[in-house]
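Before any comments, here is the structure.
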Amino acid sequence: MSNKEGSGGFRKRKHDNFPHNQRREGKDVNSSSPVMLAFKSFQQELDARHDKYERLVKLSRDITVESKRTIFLLHRITSAPDMEDILTESEIKLDGVRQKIFQVAQELSGEDMHQFHRAITTGLQEYVEAVSFQHFIKTRSLISMDEINKQLIFTTEDNGKENKTKFTGKILLTEALGIKADRSSI
């Protein structure tokens, strides 16, 4: 047996000197101290941010799934009479996806989008793919980002005033996909 292996037993650790079911002697933590109250508020803020991130991940997964289903539906086009029915059905599916994107826009309203970028990017990329494929089948041309952004302008009325959610869909798409845009038009 070499010196490195030792006697084969467990190493004794510093905390092994303390009795197992007893706390160390010392001051109890005052739960009403300013430091503890600050950490409580940090904990609540972090929990809220993590919950929001998880909601966004779930919405992004839903957007991804529905966009893929739309793409698979569009792949079924085989004849001209069949095409109109499938395009109508795909438009209905994409409207449902846009509603999910609207929910994402509402979640991100007033937030720094860059903190949640990874949660939503994949869903938005699949949406752009589905919209592009549908547009290509209809027109035999590529769709522009401006045309996609026009589909993502959401307005809600609050006592006659338009909510800022109107702009979030456009910002969401351009920033999530890493496209540089002139924000003055947004």
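Identifiers in the structure tokens: chain A, B, ... in order shown; residue index from 1 per chain; ligand index from 1 in order shown.
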
Contact residues around A:Lys52 with only C-alpha atoms at 12 Å, ignoring same-chain residues under 3 positions, as a PyMOL selection string: chain A and resi 45-49+55-59+103-104+106-109+111+113+115-116+119-120

Excluding stretch 72-87 of chain A and its own-chain neighbours fewer than 5 positions away, which residues fall within 10 Å of it when counting only C-alpha atoms? Please give them as an NGL selection string. :A and (66-67 or 92-93 or 130 or 133-135 or 137-138)

Generate a file of the selected residues that holds all heavy atoms, formatted as a compact mmCIF listing (two decimals), in the first residue's frame.
# COMPACT_ATOMS: atom_id res chain seq x y z
N GLU A 66 -46.45 24.19 -32.54
CA GLU A 66 -47.50 24.59 -33.49
C GLU A 66 -46.91 25.04 -34.82
O GLU A 66 -47.50 24.79 -35.88
CB GLU A 66 -48.38 25.68 -32.89
CG GLU A 66 -49.31 25.16 -31.81
CD GLU A 66 -50.21 24.02 -32.29
OE1 GLU A 66 -50.80 24.13 -33.39
OE2 GLU A 66 -50.31 23.02 -31.57
N SER A 67 -45.76 25.69 -34.79
CA SER A 67 -45.12 26.09 -36.04
C SER A 67 -44.67 24.87 -36.84
O SER A 67 -44.84 24.82 -38.06
CB SER A 67 -43.92 26.99 -35.75
OG SER A 67 -44.34 28.20 -35.16
N ILE A 92 -55.09 29.41 -39.99
CA ILE A 92 -55.74 29.29 -38.68
C ILE A 92 -54.72 28.87 -37.63
O ILE A 92 -54.69 29.42 -36.52
CB ILE A 92 -56.92 28.28 -38.76
CG1 ILE A 92 -58.04 28.86 -39.63
CG2 ILE A 92 -57.42 27.92 -37.37
CD1 ILE A 92 -59.11 27.85 -40.01
N LYS A 93 -53.86 27.91 -37.98
CA LYS A 93 -52.82 27.47 -37.04
C LYS A 93 -51.85 28.61 -36.72
O LYS A 93 -51.46 28.80 -35.57
CB LYS A 93 -52.06 26.27 -37.60
CG LYS A 93 -52.81 24.97 -37.53
CD LYS A 93 -51.92 23.84 -38.01
CE LYS A 93 -52.61 22.51 -37.89
NZ LYS A 93 -52.68 22.02 -36.52
N ALA A 130 -42.15 28.85 -40.47
CA ALA A 130 -43.50 28.46 -40.90
C ALA A 130 -44.15 29.55 -41.75
O ALA A 130 -44.74 29.27 -42.81
CB ALA A 130 -44.37 28.16 -39.68
N PHE A 133 -42.44 29.67 -45.17
CA PHE A 133 -42.82 28.55 -46.03
C PHE A 133 -44.22 28.75 -46.58
O PHE A 133 -44.47 28.54 -47.78
CB PHE A 133 -42.70 27.24 -45.25
CG PHE A 133 -42.86 26.01 -46.09
CD1 PHE A 133 -42.26 25.89 -47.34
CD2 PHE A 133 -43.59 24.93 -45.61
CE1 PHE A 133 -42.40 24.75 -48.10
CE2 PHE A 133 -43.73 23.78 -46.37
CZ PHE A 133 -43.15 23.68 -47.61
N GLN A 134 -45.14 29.19 -45.72
CA GLN A 134 -46.50 29.44 -46.18
C GLN A 134 -46.53 30.54 -47.25
O GLN A 134 -47.20 30.40 -48.28
CB GLN A 134 -47.39 29.84 -45.00
CG GLN A 134 -48.83 30.08 -45.41
CD GLN A 134 -49.61 30.82 -44.36
OE1 GLN A 134 -49.13 31.80 -43.81
NE2 GLN A 134 -50.82 30.34 -44.09
N HIS A 135 -45.80 31.60 -47.01
CA HIS A 135 -45.75 32.71 -47.97
C HIS A 135 -45.14 32.24 -49.29
O HIS A 135 -45.61 32.62 -50.38
CB HIS A 135 -44.94 33.88 -47.38
CG HIS A 135 -44.96 35.10 -48.24
ND1 HIS A 135 -44.02 35.33 -49.21
CD2 HIS A 135 -45.81 36.15 -48.27
CE1 HIS A 135 -44.28 36.47 -49.80
NE2 HIS A 135 -45.35 37.00 -49.26
N ILE A 137 -45.22 29.23 -50.57
CA ILE A 137 -46.19 28.38 -51.28
C ILE A 137 -47.26 29.24 -51.96
O ILE A 137 -47.65 28.98 -53.08
CB ILE A 137 -46.82 27.36 -50.32
CG1 ILE A 137 -45.77 26.30 -49.94
CG2 ILE A 137 -48.04 26.69 -50.94
CD1 ILE A 137 -46.21 25.35 -48.86
N LYS A 138 -47.69 30.29 -51.26
CA LYS A 138 -48.73 31.16 -51.82
C LYS A 138 -48.21 31.98 -53.00
O LYS A 138 -48.88 32.11 -54.01
CB LYS A 138 -49.23 32.14 -50.75
CG LYS A 138 -50.16 31.57 -49.74
CD LYS A 138 -50.56 32.69 -48.79
CE LYS A 138 -51.48 32.21 -47.71
NZ LYS A 138 -51.81 33.28 -46.75

Out of A:Thr139, A:Gln44, A:Gln125, A:Ser60, which residue has the shortest atom-to-atom distance to A:Ala105 when counting only C-alpha atoms?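 Comparing A:Thr139, A:Gln44, A:Gln125, A:Ser60 against A:Ala105, the winner is A:Ser60.
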
So how many Å separate atom CA of A:Asp51 and atom CA of A:Arg69, to one decimal?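 We find that atom CA of A:Asp51 and atom CA of A:Arg69 lie 27.2 Å from each other.
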
Can you pull out every residue from stretch 45-181 of chain A that DSSP, working from the backbone, puts in alpha helix (DSSP H), and format the result as a PyMOL selection string? chain A and resi 45-74+80-108+117-139+145-151+165-176
